[in-house]
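Participant: So that you have it, the file is run22.txt, and it contains compact mmCIF, C-alpha atoms:
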```
# COMPACT_ATOMS: atom_id res chain seq x y z
CA MET A 250 19.40 -45.27 -9.89
CA LYS A 251 18.97 -46.39 -13.48
CA GLU A 252 17.34 -49.62 -14.49
CA GLY A 253 16.67 -50.74 -18.03
CA LYS A 254 16.98 -48.82 -21.26
CA ASP A 255 15.95 -45.15 -21.00
CA ILE A 256 14.53 -45.62 -17.50
CA ILE A 257 15.64 -43.12 -14.88
CA ALA A 258 14.24 -43.86 -11.45
CA GLU A 259 15.17 -43.04 -7.88
CA SER A 260 11.72 -42.52 -6.36
CA PRO A 261 10.09 -45.32 -4.37
CA ALA A 262 6.84 -44.78 -6.30
CA PHE A 263 8.36 -45.47 -9.72
CA LEU A 264 10.66 -48.21 -8.46
CA SER A 265 7.56 -49.95 -7.08
CA ALA A 266 6.01 -49.92 -10.56
CA MET A 267 9.21 -51.38 -11.98
CA THR A 268 9.26 -54.09 -9.32
CA MET A 269 5.76 -55.14 -10.32
CA ALA A 270 6.79 -55.07 -13.99
CA ARG A 271 9.67 -57.46 -13.27
CA LYS A 272 7.38 -59.82 -11.38
CA VAL A 273 4.92 -60.15 -14.25
CA ALA A 274 7.40 -60.04 -17.13
CA GLU A 275 7.74 -63.80 -17.63
CA SER A 276 4.06 -64.58 -17.21
CA ALA A 277 1.64 -64.97 -20.11
CA SER A 278 -1.04 -62.79 -18.54
CA SER A 279 -2.36 -59.53 -19.95
CA VAL A 280 -1.23 -56.35 -18.21
CA LEU A 281 -3.08 -53.05 -17.83
CA ILE A 282 -0.89 -50.01 -17.22
CA THR A 283 -2.57 -46.90 -15.87
CA GLY A 284 -1.32 -43.38 -15.28
CA GLU A 285 -1.55 -39.84 -16.53
CA SER A 286 -0.43 -38.87 -20.03
CA GLY A 287 3.32 -38.49 -20.30
CA THR A 288 4.25 -40.60 -17.28
CA GLY A 289 6.06 -43.32 -19.24
CA LYS A 290 3.48 -46.10 -19.63
CA GLU A 291 5.01 -47.27 -22.92
CA ILE A 292 8.46 -47.40 -21.31
CA ILE A 293 7.08 -49.74 -18.63
CA ALA A 294 5.43 -51.88 -21.31
CA GLN A 295 8.72 -52.08 -23.23
CA TYR A 296 10.51 -52.94 -19.98
CA ILE A 297 8.13 -55.85 -19.40
CA HIS A 298 8.69 -57.10 -22.95
CA ASN A 299 12.49 -56.82 -22.65
CA LEU A 300 12.46 -59.02 -19.54
CA SER A 301 10.01 -61.56 -20.93
CA THR A 302 10.57 -64.78 -22.85
CA ARG A 303 9.20 -62.90 -25.90
CA ARG A 304 12.05 -60.38 -25.96
CA ALA A 305 13.61 -61.94 -29.08
CA LYS A 306 10.45 -61.09 -31.01
CA GLY A 307 8.92 -57.74 -31.80
CA PHE A 308 7.42 -55.09 -29.54
CA ILE A 309 4.75 -53.22 -31.47
CA ALA A 310 3.05 -50.15 -30.01
CA LEU A 311 -0.19 -48.60 -31.21
CA ASN A 312 -1.87 -45.47 -29.88
CA CYS A 313 -5.57 -46.23 -30.26
CA ALA A 314 -6.51 -42.58 -29.82
CA ALA A 315 -4.35 -41.51 -32.76
CA ILE A 316 -6.17 -43.57 -35.40
CA PRO A 317 -9.78 -42.96 -36.55
CA ASP A 318 -12.21 -45.71 -35.55
CA HIS A 319 -12.90 -46.76 -39.16
CA LEU A 320 -9.18 -47.36 -39.76
CA LEU A 321 -8.24 -48.90 -36.42
CA GLU A 322 -9.86 -52.25 -37.11
CA SER A 323 -8.00 -52.77 -40.40
CA GLU A 324 -4.78 -51.62 -38.74
CA LEU A 325 -5.14 -54.29 -36.07
CA PHE A 326 -6.62 -57.17 -38.04
CA GLY A 327 -5.30 -56.54 -41.54
CA TYR A 328 -7.35 -57.09 -44.67
CA ALA A 329 -7.65 -59.10 -47.84
CA ARG A 330 -7.40 -57.62 -51.29
CA GLY A 331 -10.71 -56.12 -52.31
CA ALA A 332 -12.08 -56.04 -48.75
CA PHE A 333 -12.91 -52.36 -49.21
CA SER A 334 -12.17 -49.51 -51.58
CA GLY A 335 -8.42 -48.97 -51.68
CA ALA A 336 -7.52 -52.48 -50.49
CA ILE A 337 -5.42 -53.33 -53.56
CA ALA A 338 -3.37 -56.06 -51.87
CA ASN A 339 -3.43 -58.37 -48.87
CA LYS A 340 -2.09 -56.74 -45.72
CA ALA A 341 -1.26 -58.26 -42.37
CA GLY A 342 -2.46 -56.39 -39.30
CA LEU A 343 -0.56 -55.63 -36.13
CA PHE A 344 -1.85 -58.76 -34.40
CA GLU A 345 0.02 -60.82 -37.01
CA GLU A 346 3.06 -58.55 -37.10
CA ALA A 347 3.47 -58.97 -33.34
CA GLU A 348 3.49 -62.78 -33.65
CA GLY A 349 5.59 -64.29 -30.88
CA GLY A 350 6.08 -60.88 -29.30
CA THR A 351 4.13 -58.14 -27.56
CA LEU A 352 1.40 -55.81 -28.83
CA PHE A 353 1.05 -52.64 -26.77
CA LEU A 354 -2.34 -50.95 -27.10
CA ASP A 355 -1.98 -47.47 -25.67
CA GLU A 356 -5.03 -45.37 -24.76
CA ILE A 357 -7.31 -48.37 -25.18
CA ALA A 358 -10.18 -46.52 -23.47
CA ASP A 359 -10.51 -44.43 -26.63
CA MET A 360 -11.34 -47.51 -28.70
CA ASP A 361 -14.86 -47.77 -30.13
CA ILE A 362 -17.00 -50.10 -28.02
CA ALA A 363 -17.91 -52.26 -31.05
CA LEU A 364 -14.21 -52.89 -31.72
CA GLN A 365 -13.69 -53.67 -28.03
CA ALA A 366 -15.89 -56.76 -28.51
CA LYS A 367 -13.60 -57.99 -31.27
CA ILE A 368 -10.51 -57.40 -29.18
CA LEU A 369 -12.10 -59.43 -26.38
CA ARG A 370 -12.69 -62.30 -28.77
CA VAL A 371 -9.05 -62.25 -29.87
CA LEU A 372 -7.87 -62.40 -26.27
CA GLN A 373 -10.21 -65.29 -25.52
CA GLU A 374 -9.74 -67.38 -28.65
CA ARG A 375 -6.20 -66.40 -29.70
CA LYS A 376 -7.10 -66.13 -33.36
CA ILE A 377 -7.95 -63.34 -35.76
CA LYS A 378 -9.68 -62.93 -39.10
CA ARG A 379 -8.56 -60.34 -41.61
CA LEU A 380 -11.20 -58.04 -43.02
CA GLY A 381 -12.66 -59.59 -46.14
CA GLU A 382 -11.57 -63.15 -45.24
CA ASN A 383 -13.64 -66.05 -43.91
CA SER A 384 -10.95 -68.13 -42.24
CA PHE A 385 -9.28 -67.50 -38.89
CA ARG A 386 -5.54 -67.33 -38.29
CA PRO A 387 -4.04 -68.43 -34.95
CA ILE A 388 -1.86 -65.90 -33.16
CA ASP A 389 0.61 -66.12 -30.29
CA ILE A 390 1.10 -62.69 -28.76
CA ARG A 391 0.98 -60.95 -25.43
CA VAL A 392 -1.23 -57.88 -25.14
CA ILE A 393 -0.32 -55.03 -22.83
CA ALA A 394 -2.84 -52.20 -22.67
CA ALA A 395 -2.62 -48.74 -21.18
CA THR A 396 -4.85 -45.77 -20.50
CA HIS A 397 -4.81 -42.43 -18.70
CA GLN A 398 -8.56 -42.69 -18.11
CA ASN A 399 -10.39 -44.22 -15.15
CA LEU A 400 -11.61 -47.52 -16.59
CA ASP A 401 -13.78 -48.31 -13.57
CA ARG A 402 -15.72 -45.13 -14.27
CA ALA A 403 -15.76 -45.82 -18.02
CA VAL A 404 -17.28 -49.25 -17.33
CA GLN A 405 -19.95 -47.71 -15.10
CA GLN A 406 -20.76 -45.19 -17.83
CA LYS A 407 -21.04 -48.01 -20.43
CA LYS A 408 -18.17 -46.54 -22.41
CA PHE A 409 -15.91 -49.55 -21.87
CA ARG A 410 -16.85 -53.22 -21.84
CA GLU A 411 -16.69 -54.75 -18.39
CA ASP A 412 -15.69 -58.17 -19.76
CA LEU A 413 -12.78 -56.66 -21.70
CA PHE A 414 -11.74 -54.69 -18.63
CA PHE A 415 -11.47 -57.88 -16.56
CA ARG A 416 -9.64 -59.66 -19.39
CA LEU A 417 -7.05 -56.89 -19.64
CA ASN A 418 -6.78 -56.13 -15.94
CA VAL A 419 -5.29 -59.45 -14.86
CA ILE A 420 -2.23 -57.53 -13.70
CA SER A 421 -2.48 -53.80 -13.04
CA ILE A 422 0.48 -51.42 -12.82
CA ASN A 423 0.05 -47.75 -12.02
CA VAL A 424 2.74 -45.37 -13.22
CA PRO A 425 2.95 -42.41 -10.83
CA SER A 426 2.78 -38.82 -12.01
CA LEU A 427 5.96 -36.75 -11.92
CA ARG A 428 4.61 -34.64 -9.04
CA ASP A 429 4.41 -37.89 -7.03
CA ARG A 430 7.99 -38.84 -7.87
CA THR A 431 9.83 -35.57 -7.33
CA GLU A 432 13.03 -37.49 -6.54
CA ASP A 433 13.23 -38.27 -10.26
CA ILE A 434 12.91 -34.71 -11.58
CA LEU A 435 16.57 -33.77 -11.31
CA PRO A 436 17.99 -37.10 -12.56
CA LEU A 437 15.59 -36.94 -15.52
CA ALA A 438 16.51 -33.32 -16.20
CA ARG A 439 20.21 -34.21 -16.25
CA HIS A 440 19.50 -37.13 -18.55
CA PHE A 441 17.59 -34.97 -21.03
CA LEU A 442 20.25 -32.27 -20.78
CA GLY A 443 22.91 -34.76 -21.89
CA LYS A 444 20.70 -36.17 -24.63
CA TYR A 445 19.78 -32.84 -26.23
CA SER A 446 23.20 -31.28 -25.74
CA ILE A 447 24.60 -34.01 -27.97
CA LEU A 448 21.77 -33.74 -30.51
CA ASN A 449 22.18 -29.97 -30.75
CA SER A 450 25.99 -29.94 -30.52
CA LYS A 451 25.88 -27.72 -27.44
CA LYS A 452 28.51 -27.84 -24.70
CA LEU A 453 26.48 -27.24 -21.57
CA LEU A 454 27.99 -27.99 -18.17
CA GLY A 455 24.76 -28.42 -16.25
CA ILE A 456 21.72 -26.74 -14.76
CA SER A 457 22.05 -23.77 -12.42
CA PRO A 458 20.85 -24.11 -8.79
CA ALA A 459 18.09 -21.56 -9.44
CA ALA A 460 16.93 -23.52 -12.47
CA TYR A 461 16.91 -26.73 -10.43
CA GLN A 462 14.71 -25.07 -7.83
CA TYR A 463 12.40 -23.86 -10.58
CA LEU A 464 12.08 -27.42 -11.93
CA LEU A 465 11.23 -28.73 -8.46
CA SER A 466 8.60 -26.04 -7.95
CA GLN A 467 6.55 -27.01 -11.01
CA SER A 468 3.53 -29.36 -10.96
CA TRP A 469 4.28 -30.88 -14.40
CA PRO A 470 0.74 -31.67 -15.65
CA GLY A 471 2.34 -33.12 -18.80
CA ASN A 472 4.68 -35.23 -16.63
CA VAL A 473 7.97 -36.58 -18.01
CA ARG A 474 6.99 -35.69 -21.57
CA GLU A 475 6.57 -32.04 -20.55
CA LEU A 476 9.84 -32.04 -18.62
CA GLU A 477 11.70 -33.45 -21.63
CA ASN A 478 10.15 -30.83 -23.91
CA ARG A 479 11.11 -28.04 -21.50
CA ILE A 480 14.72 -29.25 -21.21
CA GLU A 481 15.07 -29.64 -24.98
CA ARG A 482 13.84 -26.08 -25.44
CA ALA A 483 16.22 -24.82 -22.76
CA VAL A 484 19.20 -26.52 -24.40
CA VAL A 485 18.42 -24.84 -27.70
CA LEU A 486 17.95 -21.39 -26.13
CA ALA A 487 20.77 -21.51 -23.57
CA THR A 488 23.50 -18.91 -24.10
CA ASN A 489 25.53 -19.60 -20.95
CA SER A 490 27.45 -22.66 -19.77
CA HIS A 491 24.49 -23.72 -17.63
CA ILE A 492 20.75 -23.78 -18.19
CA GLU A 493 19.19 -20.84 -16.37
CA VAL A 494 15.62 -20.20 -15.21
CA GLU A 495 14.97 -17.91 -18.19
CA ASP A 496 15.84 -20.77 -20.57
CA LEU A 497 13.19 -23.00 -19.01
CA HIS A 498 10.33 -20.52 -19.24
CA PRO A 499 10.33 -17.14 -21.00
CA ARG A 500 8.40 -15.56 -18.12
CA ALA A 501 9.89 -17.58 -15.26
CA SER A 502 11.78 -14.66 -13.69
CA GLU A 503 8.76 -12.39 -14.06
CA ILE A 504 6.49 -15.00 -12.44
CA SER A 505 8.96 -15.55 -9.60
CA LYS A 506 9.15 -11.79 -8.98
CA GLN A 507 5.36 -11.56 -9.03
CA LYS A 508 5.11 -14.30 -6.38
CA GLN A 509 7.55 -12.42 -4.18
CA ASN A 510 5.57 -9.21 -4.61
CA THR A 511 2.38 -11.05 -3.64
CA LEU A 512 3.98 -12.50 -0.51
CA GLN A 513 5.30 -9.09 0.45
CA PHE A 514 1.84 -7.58 0.03
CA LEU A 515 0.29 -10.24 2.27
CA ARG A 516 3.00 -9.81 4.89
CA GLU A 517 2.31 -6.09 5.03
CA LYS A 518 -1.33 -6.87 5.77
CA THR A 519 -0.39 -8.67 8.99
CA ARG A 520 1.26 -7.33 12.12
CA ASP A 521 4.98 -7.99 12.34
CA ASP A 522 4.85 -8.47 16.11
CA VAL A 523 2.14 -11.14 16.01
CA PRO A 524 2.51 -14.50 14.16
CA LEU A 525 -0.93 -14.09 12.60
CA LEU A 526 -2.32 -16.43 9.95
CA LEU A 527 -5.51 -15.14 8.40
CA PRO A 528 -8.41 -17.41 7.41
CA ILE A 529 -8.11 -18.58 3.80
CA GLU A 530 -11.24 -16.68 2.74
CA GLU A 531 -9.78 -13.43 4.02
CA MET A 532 -6.49 -14.16 2.29
CA ASN A 533 -8.41 -14.69 -0.95
CA GLN A 534 -10.08 -11.31 -0.52
CA LEU A 535 -6.74 -9.64 0.10
CA TYR A 536 -5.28 -11.24 -3.01
CA ILE A 537 -8.23 -10.01 -5.09
CA GLU A 538 -7.61 -6.49 -3.80
CA TYR A 539 -3.95 -6.86 -4.69
CA ALA A 540 -4.82 -8.04 -8.21
CA LEU A 541 -7.18 -5.09 -8.62
CA SER A 542 -4.44 -2.69 -7.57
CA ILE A 543 -2.04 -4.24 -10.09
CA ASN A 544 -4.67 -3.85 -12.83
CA LYS A 545 -5.55 -0.31 -11.66
CA GLY A 546 -9.12 -1.29 -10.81
CA ALA A 547 -9.92 -3.01 -14.14
CA LYS A 548 -12.35 -5.68 -12.96
CA GLU A 549 -12.71 -7.58 -16.24
CA LYS A 550 -8.94 -8.01 -16.64
CA THR A 551 -8.60 -8.91 -12.97
CA ALA A 552 -11.24 -11.63 -13.27
CA ARG A 553 -9.48 -13.00 -16.36
CA ASP A 554 -6.06 -12.98 -14.68
CA LEU A 555 -7.47 -14.77 -11.63
CA GLY A 556 -9.25 -17.39 -13.74
CA ILE A 557 -12.72 -16.51 -12.47
CA ASP A 558 -15.76 -14.96 -14.15
CA ARG A 559 -16.86 -11.39 -13.48
CA LYS A 560 -19.88 -12.47 -11.44
CA THR A 561 -17.64 -14.37 -9.04
CA LEU A 562 -15.31 -11.38 -8.75
CA TYR A 563 -18.19 -8.98 -8.03
CA ARG A 564 -19.63 -11.40 -5.47
CA LYS A 565 -16.32 -11.70 -3.64
CA LEU A 566 -15.81 -7.94 -3.71
CA GLY A 567 -19.31 -7.44 -2.35
CA LYS A 568 -18.63 -9.89 0.46
CA ARG A 569 -15.40 -8.08 1.32
CA HIS A 570 -17.03 -4.64 1.46
CA SER A 571 -20.03 -5.91 3.45
CA SER A 572 -17.69 -7.24 6.15
CA LEU A 573 -15.93 -3.91 6.61
```
Kindly transcribe the structure held in the file into structure tokens.
Facilitator:
Amino acid sequence: MKEGKDIIAESPAFLSAMTMARKVAESASSVLITGESGTGKEIIAQYIHNLSTRRAKGFIALNCAAIPDHLLESELFGYARGAFSGAIANKAGLFEEAEGGTLFLDEIADMDIALQAKILRVLQERKIKRLGENSFRPIDIRVIAATHQNLDRAVQQKKFREDLFFRLNVISINVPSLRDRTEDILPLARHFLGKYSILNSKKLLGISPAAYQYLLSQSWPGNVRELENRIERAVVLATNSHIEVEDLHPRASEISKQKQNTLQFLREKTRDDVPLLLPIEEMNQLYIEYALSINKGAKEKTARDLGIDRKTLYRKLGKRHSSL
């Protein structure tokens, strides 16, 4: 199912977020969009704008984390000539440029707390003052904010103003992570395949079944952004008519083989005639022994490969030997 520009969605989780976006689109209220990095929070914000009565005006997006604190205020509010060194002419800020439309403030939790107070005032009074000016200018915009951070926790830690949080969080929309919307992985992959095949003038017919299974097996900590990056890379590297597992990850086949070897090792440690499942602690010990055998007894390398420190490795080995 595809709804809206550049939105690919079949999963109930993402469709629920879109349903909420449609409900609030024509309201004047502020919206707070939450979700992990790379999930598509800006796409949801753009979707809201496109369905709103402000769609004929501009949609301006700003990543608050990408601009140093001392520049962010002038970027938002603008400045008068001579307001500071380098201000050689009057300049309108993004609040003015978004007049009649929507201003999307991404990663707002990264904004300096002193600037948060000024943003709150804008939302309350609907007017701004350029740096270096004394008079206020009325504005008519809708603000949509987004963050990947937990704002409730940030408020408790005094890193985010509670009054601004309530002002922004009139309507809250959570964008699910890709691991919580696995139904969308393959449609998104096909979409990106078509997009980057055209951009790179490649004639690819599709994605192999093995490559599809590989995509479904990943946790995607970078979410849709990571998936898009991986597909773009695969399109560039592909030498066959279809994207293969090796195109998606240079060590994918090696990792898959290693997993199979690990499973085989664990199976050999159990009796074939008894459907035995060992306690997780014992399975961990067996895996450590397996890793040691692969590394020919090199404990430091084994600890590094397993993502634990040497003390933890020695402790677990000691526990294993003491139980024998």
Participant: Check which residues of region 406-504 of chain A sit at most 12 Å from region 275-283 of chain A using all atoms listed in the file, and return one row each with the closest pair of atoms and their distance in Å to one decimal, ordered by chain and rising number, as a Markdown table.
Facilitator:
```
| residue | atom | partner | partner_atom | distance |
| --- | --- | --- | --- | --- |
| A:Leu413 | CA | A:Ser279 | CA | 10.9 |
| A:Phe414 | CA | A:Leu281 | CA | 8.9 |
| A:Phe415 | CA | A:Leu281 | CA | 9.8 |
| A:Arg416 | CA | A:Ser279 | CA | 7.3 |
| A:Leu417 | CA | A:Ser279 | CA | 5.4 |
| A:Asn418 | CA | A:Leu281 | CA | 5.2 |
| A:Val419 | CA | A:Ser279 | CA | 5.9 |
| A:Ile420 | CA | A:Val280 | CA | 4.8 |
| A:Ser421 | CA | A:Leu281 | CA | 4.9 |
| A:Ile422 | CA | A:Ile282 | CA | 4.8 |
| A:Asn423 | CA | A:Thr283 | CA | 4.7 |
| A:Val424 | CA | A:Thr283 | CA | 6.1 |
| A:Pro425 | CA | A:Thr283 | CA | 8.7 |
| A:Ser426 | CA | A:Thr283 | CA | 10.4 |
```
Participant: In terms of the shortest atom-to-atom distance over only C-alpha atoms, which of A:Arg479, A:Lys545, A:Arg474, A:Lys560 is closest to Gly289 (chain A)?
Facilitator: A:Arg474
Participant: Build an axis-aligned box that encloses every atom of region 276-288 of chain A listed in the file, pad it by 4 Å on each side, and report its centre and edge lengths in Å to one decimal, as lines of an AutoDock Vina configuration file.
Facilitator:
```
center_x = 0.6
center_y = -51.7
center_z = -17.8
size_x = 15.3
size_y = 34.5
size_z = 13.0
```
Participant: Can you tell me which residues surround region 491-500 of chain A at a distance of at most 10 Å, considering all atoms listed in the file, apart from same-chain residues fewer than 6 positions away, and format the answer as a compact mmCIF listing (two decimals) with C-alpha atoms, keeping the file's coordinate frame?
Facilitator:
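The resulting out.txt:
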```txt
# COMPACT_ATOMS: atom_id res chain seq x y z
CA LEU A 442 20.25 -32.27 -20.78
CA LYS A 452 28.51 -27.84 -24.70
CA LEU A 453 26.48 -27.24 -21.57
CA LEU A 454 27.99 -27.99 -18.17
CA GLY A 455 24.76 -28.42 -16.25
CA ILE A 456 21.72 -26.74 -14.76
CA SER A 457 22.05 -23.77 -12.42
CA PRO A 458 20.85 -24.11 -8.79
CA ALA A 459 18.09 -21.56 -9.44
CA ALA A 460 16.93 -23.52 -12.47
CA TYR A 461 16.91 -26.73 -10.43
CA GLN A 462 14.71 -25.07 -7.83
CA TYR A 463 12.40 -23.86 -10.58
CA LEU A 464 12.08 -27.42 -11.93
CA LEU A 476 9.84 -32.04 -18.62
CA ASN A 478 10.15 -30.83 -23.91
CA ARG A 479 11.11 -28.04 -21.50
CA ILE A 480 14.72 -29.25 -21.21
CA GLU A 481 15.07 -29.64 -24.98
CA ARG A 482 13.84 -26.08 -25.44
CA ALA A 483 16.22 -24.82 -22.76
CA VAL A 484 19.20 -26.52 -24.40
CA VAL A 485 18.42 -24.84 -27.70
CA LYS A 506 9.15 -11.79 -8.98
```
Participant: As a ChimeraX atom specification, please: the residues near Ile434 (chain A) (cut-off 8 Å, all atoms listed in the file, same-chain neighbours under 4 positions excluded).
Facilitator: /A:427,430,438,464-465
Participant: Take the residues just selected and output them with C-alpha atoms as a PDB file, in the frame of the given file.
Facilitator:
```pdb
ATOM      1  CA  LEU A 427       5.960 -36.750 -11.920  1.00  0.00           C
ATOM      2  CA  ARG A 430       7.990 -38.840  -7.870  1.00  0.00           C
ATOM      3  CA  ALA A 438      16.510 -33.320 -16.200  1.00  0.00           C
ATOM      4  CA  LEU A 464      12.080 -27.420 -11.930  1.00  0.00           C
ATOM      5  CA  LEU A 465      11.230 -28.730  -8.460  1.00  0.00           C
TER       6      LEU A 465
END
```
Participant: Quote the spacing between CA of Leu354 (chain A) and CA of Leu311 (chain A) in Å to one decimal place.
Facilitator: 5.2 Å
